$ cat query.cif   # mmCIF, C-alpha atoms
data_coords
loop_
_atom_site.label_atom_id
_atom_site.label_comp_id
_atom_site.auth_asym_id
_atom_site.auth_seq_id
_atom_site.Cartn_x
_atom_site.Cartn_y
_atom_site.Cartn_z
CA MET A 1 -31.02 -32.93 37.57
CA VAL A 2 -28.34 -32.69 34.89
CA VAL A 3 -25.69 -32.96 37.61
CA GLU A 4 -27.27 -36.14 39.01
CA VAL A 5 -27.28 -37.75 35.58
CA GLN A 6 -23.69 -36.70 34.88
CA ARG A 7 -22.53 -38.07 38.22
CA ALA A 8 -24.38 -41.33 37.65
CA ILE A 9 -22.70 -41.75 34.27
CA GLU A 10 -19.32 -40.97 35.82
CA ILE A 11 -19.69 -43.85 38.27
CA GLY A 12 -20.85 -46.25 35.56
CA LEU A 13 -24.63 -46.21 35.86
CA ASP A 14 -26.70 -46.29 32.70
CA GLY A 15 -30.03 -45.44 34.30
CA PHE A 16 -32.24 -44.94 37.33
CA LEU A 17 -35.42 -46.44 38.60
CA PHE A 18 -37.61 -43.56 39.73
CA ASP A 19 -39.98 -44.04 42.67
CA ILE A 20 -43.29 -42.58 41.48
CA LEU A 21 -45.11 -41.44 44.61
CA THR A 22 -47.78 -39.30 42.97
CA THR A 23 -49.19 -38.35 39.58
CA ASP A 24 -50.15 -34.87 40.79
CA ARG A 25 -47.94 -32.50 38.82
CA SER A 26 -48.53 -29.72 41.33
CA ASN A 27 -46.44 -31.86 43.68
CA PRO A 28 -42.69 -31.20 43.14
CA ILE A 29 -41.93 -34.92 43.42
CA ALA A 30 -44.08 -35.74 40.38
CA PHE A 31 -42.52 -32.91 38.44
CA ARG A 32 -39.01 -34.26 39.14
CA PHE A 33 -39.63 -37.29 36.94
CA ASP A 34 -40.26 -35.03 33.95
CA GLN A 35 -37.20 -32.95 34.85
CA LEU A 36 -35.06 -36.04 35.13
CA LEU A 37 -36.25 -37.39 31.76
CA THR A 38 -35.36 -34.09 30.10
CA ALA A 39 -32.00 -33.88 31.87
CA ALA A 40 -31.10 -37.46 30.97
CA ALA A 41 -31.91 -36.89 27.30
CA SER A 42 -29.84 -33.72 27.22
CA VAL A 43 -26.78 -35.38 28.80
CA ASN A 44 -26.79 -38.78 27.13
CA SER A 45 -29.52 -40.24 24.96
CA ASN A 46 -28.58 -43.75 26.15
CA PHE A 47 -29.25 -42.97 29.83
CA VAL A 48 -32.60 -44.53 30.74
CA LEU A 49 -35.22 -44.12 33.43
CA GLY A 50 -37.42 -46.88 34.70
CA PHE A 51 -40.83 -46.62 36.31
CA MET A 52 -41.12 -47.63 39.96
CA PRO A 53 -44.76 -47.00 40.83
CA ASP A 54 -44.84 -46.90 44.61
CA MET A 55 -47.70 -49.12 45.70
CA THR A 56 -47.54 -47.69 49.24
CA ALA A 57 -48.25 -44.14 48.07
CA GLU A 58 -50.93 -42.78 45.70
CA PHE A 59 -51.36 -46.10 43.88
CA SER A 60 -52.39 -47.82 47.12
CA THR A 61 -55.59 -45.78 47.24
CA SER A 62 -55.91 -44.88 43.53
CA PRO A 63 -54.40 -47.76 41.56
CA GLN A 64 -56.46 -46.77 38.50
CA ASN A 65 -54.17 -43.71 38.10
CA MET A 66 -51.10 -45.79 37.25
CA VAL A 67 -51.77 -46.92 33.68
CA PRO A 68 -52.82 -43.51 32.29
CA TYR A 69 -49.84 -41.90 33.99
CA LEU A 70 -47.31 -44.38 32.60
CA LEU A 71 -48.85 -44.46 29.11
CA GLN A 72 -47.98 -40.81 28.56
CA TYR A 73 -44.29 -41.79 28.62
CA ALA A 74 -44.55 -44.94 26.50
CA ASN A 75 -42.97 -43.41 23.41
CA ARG A 76 -40.07 -41.66 25.14
CA SER A 77 -36.78 -43.05 23.88
CA ASN A 78 -35.04 -42.92 27.25
CA ILE A 79 -37.49 -45.14 29.15
CA LEU A 80 -36.07 -48.44 30.42
CA ARG A 81 -37.06 -51.28 28.12
CA TYR A 82 -36.72 -55.03 28.04
CA LEU A 83 -37.50 -56.92 24.83
CA ASP A 84 -38.56 -53.57 23.32
CA LYS A 85 -41.26 -53.07 25.96
CA GLN A 86 -41.22 -50.52 28.75
CA VAL A 87 -40.37 -51.93 32.16
CA VAL A 88 -42.63 -51.46 35.18
CA ALA A 89 -40.75 -52.12 38.43
CA PRO A 90 -43.19 -51.35 41.25
CA PHE A 91 -42.14 -50.85 44.84
CA ASP A 92 -43.94 -53.34 47.11
CA ALA A 93 -45.58 -55.05 44.13
CA GLY A 94 -47.18 -57.64 46.40
CA LEU A 95 -49.81 -55.13 47.49
CA GLN A 96 -51.68 -56.01 44.29
CA THR A 97 -52.40 -59.51 43.01
CA SER A 98 -50.62 -61.07 40.07
CA GLY A 99 -53.92 -60.99 38.15
CA TRP A 100 -54.24 -57.26 38.71
CA TRP A 101 -50.66 -56.72 37.54
CA ASP A 102 -51.18 -58.91 34.49
CA ALA A 103 -54.10 -56.70 33.39
CA GLN A 104 -52.06 -53.52 33.93
CA LEU A 105 -49.08 -54.91 32.01
CA SER A 106 -51.35 -55.85 29.11
CA ALA A 107 -52.80 -52.33 29.03
CA LEU A 108 -49.29 -50.87 29.04
CA ASN A 109 -47.70 -53.50 26.77
CA ALA A 110 -44.99 -53.66 29.41
CA GLU A 111 -42.61 -56.09 31.08
CA PHE A 112 -42.69 -56.69 34.84
CA LEU A 113 -39.76 -56.36 37.25
CA PRO A 114 -41.42 -56.32 40.67
CA LEU A 115 -39.70 -55.18 43.85
CA PHE A 116 -40.75 -56.90 47.06
CA LEU A 117 -39.90 -56.01 50.63
CA SER A 118 -38.28 -59.43 50.83
CA ILE A 119 -37.86 -62.24 48.33
CA GLY A 120 -39.31 -65.64 49.10
CA SER A 121 -42.80 -67.03 48.84
CA SER A 122 -44.08 -63.51 48.07
CA LEU A 123 -42.47 -63.82 44.63
CA LEU A 124 -44.08 -67.12 43.61
CA PRO A 125 -47.51 -65.82 42.45
CA TYR A 126 -45.73 -63.32 40.16
CA VAL A 127 -43.14 -65.58 38.52
CA ASN A 128 -45.25 -66.27 35.41
CA ILE A 129 -45.68 -62.57 34.61
CA SER A 130 -42.15 -61.40 35.54
CA PHE A 131 -38.81 -61.43 33.78
CA GLY A 132 -36.95 -60.69 37.00
CA ALA A 133 -37.43 -59.43 40.53
CA ALA A 134 -35.92 -57.29 43.23
CA SER A 135 -35.78 -57.20 46.98
CA TRP A 136 -35.75 -54.13 49.16
CA GLY A 137 -33.80 -56.29 51.61
CA GLY A 138 -31.33 -54.88 54.08
CA GLN A 139 -29.97 -52.24 51.70
CA GLN A 140 -26.58 -52.28 53.41
CA VAL A 141 -23.36 -53.90 52.25
CA SER A 142 -23.29 -55.82 55.56
CA TYR A 143 -26.29 -57.83 54.29
CA VAL A 144 -24.33 -59.26 51.37
CA ASP A 145 -25.06 -62.90 52.33
CA ALA A 146 -28.80 -62.24 52.19
CA VAL A 147 -28.37 -60.39 48.89
CA ILE A 148 -26.55 -63.38 47.38
CA PHE A 149 -29.21 -65.78 48.69
CA GLU A 150 -32.04 -63.68 47.26
CA GLY A 151 -30.33 -63.33 43.89
CA ASN A 152 -29.85 -67.08 43.68
CA TYR A 153 -33.47 -67.65 44.73
CA VAL A 154 -34.75 -65.42 41.92
CA HIS A 155 -32.59 -67.21 39.37
CA LYS A 156 -33.84 -70.60 40.61
CA GLN A 157 -37.32 -69.40 39.63
CA ASN A 158 -35.99 -69.14 36.04
CA LEU A 159 -36.12 -65.35 36.10
CA SER A 160 -33.28 -63.73 34.23
CA ILE A 161 -32.79 -60.47 36.14
CA TRP A 162 -32.40 -59.62 39.79
CA TYR A 163 -31.35 -56.41 41.48
CA SER A 164 -31.21 -54.97 44.95
CA PRO A 165 -30.98 -51.36 46.09
CA PHE A 166 -28.16 -50.22 48.29
CA LEU A 167 -28.19 -46.96 50.17
CA GLN A 168 -25.16 -44.86 50.79
CA ALA A 169 -24.95 -43.49 54.31
CA PRO A 170 -25.09 -40.80 55.31
CA TYR A 171 -27.75 -39.53 52.94
CA ASP A 172 -30.16 -36.67 52.95
CA ARG A 173 -33.65 -38.07 53.49
CA THR A 174 -35.18 -35.04 51.81
CA LEU A 175 -33.71 -36.03 48.48
CA ILE A 176 -35.07 -38.73 46.25
CA ILE A 177 -32.74 -41.71 46.47
CA PHE A 178 -32.14 -43.39 43.13
CA LEU A 179 -31.59 -47.10 43.20
CA PRO A 180 -28.75 -48.42 41.04
CA PHE A 181 -29.14 -51.72 39.29
CA LEU A 182 -27.18 -54.47 41.03
CA GLY A 183 -26.96 -57.91 39.57
CA TRP A 184 -28.62 -56.91 36.29
CA HIS A 185 -28.07 -60.21 34.51
CA GLN A 186 -29.46 -60.97 31.07
#
$ encode --input "query.cif" --output "structure tokens"
Amino acid sequence: MVVEVQRAIEIGLDGFLFDILTTDRSNPIAFRFDQLLTAAASVNSNFVLGFMPDMTAEFSTSPQNMVPYLLQYANRSNILRYLDKQVVAPFDAGLQTSGWWDAQLSALNAEFLPLFLSIGSSLLPYVNISFGAASWGGQQVSYVDAVIFEGNYVHKQNLSIWYSPFLQAPYDRTLIIFLPFLGWHQ
């Protein structure tokens, strides 16, 4: 994981959002988050990791596992923060209601940066609890017009931050793909 952090820094990234698929530490994917936190701290104390609870994985059937899992990292210095609060940036956030998210954010004392499969009316119920938003979108450079539209749409909702993941092809589907921040405006 040290190599991944070093390479990210070399290309100008200052952090990753990590897709949290499971809280089961016997699963190698869950263990990678801890490894990445340790590696990031050893390489550069300013390199941060953000939480991306995947609402299509464990948290779809056991959403009550999310808050206790994230709370254990609350005091880590290399966790992504906004306004001195940890950031929660869930994948497919729309699978839970804005009221449910508001309760979780209160329990975590966190800020909300939801990722939706597409931006549009799905964002509207979450605007009042979010400081930004993201769209899974097309993920390819060829979709740049849609990316610009979605970014402008988010900003028209008076949200200050928008990002979109882009995948590099070819990529190895067995590896965890880290999503760089794009359009991180403050």
$ atom_distance --input "query.cif" --atom1 "CA of Asp19 (chain A)" --atom2 "CA of Ala57 (chain A)"
9.9 Å
$ resolve_selection --input "query.cif" --expression "the PyMOL selection byres ((chain A and resi 48) around 10)" --output "list of chain:residue names"
A:Val5, A:Leu13, A:Asp14, A:Gly15, A:Phe16, A:Leu17, A:Leu36, A:Leu37, A:Ala40, A:Ala41, A:Asn44, A:Ser45, A:Asn46, A:Phe47, A:Leu49, A:Gly50, A:Arg76, A:Ser77, A:Asn78, A:Ile79, A:Leu80, A:Arg81
$ resolve_selection --input "query.cif" --expression "the PyMOL selection byres ((chain A and resi 109-116) around 10)" --output "NGL selection string"
:A and (51-54 or 71 or 74 or 81-95 or 101-108 or 117-120 or 122-123 or 126-137 or 159 or 161-165)
$ atom_distance --input "query.cif" --atom1 "CA of Asp24 (chain A)" --atom2 "CA of Ser60 (chain A)"
14.6 Å
$ atom_distance --input "query.cif" --atom1 "CA of Pro68 (chain A)" --atom2 "CA of Pro125 (chain A)"
25.1 Å
$ residues_around --input "query.cif" --residues "Asn65 (chain A)" --least-positions-apart "6" --cutoff "10 Å" --atoms "all atoms listed in the file" --output "PDB file with C-alpha atoms, keeping the file's coordinate frame"
ATOM      1  CA  THR A  22     -47.780 -39.300  42.970  1.00  0.00           C
ATOM      2  CA  THR A  23     -49.190 -38.350  39.580  1.00  0.00           C
ATOM      3  CA  GLU A  58     -50.930 -42.780  45.700  1.00  0.00           C
ATOM      4  CA  PHE A  59     -51.360 -46.100  43.880  1.00  0.00           C
TER       5      PHE A  59
END
$ closest_residue --input "query.cif" --among "A:Asp34, A:Ser42, A:Ile29, A:Phe149" --to "Val2 (chain A)" --atoms "only C-alpha atoms"
A:Ser42
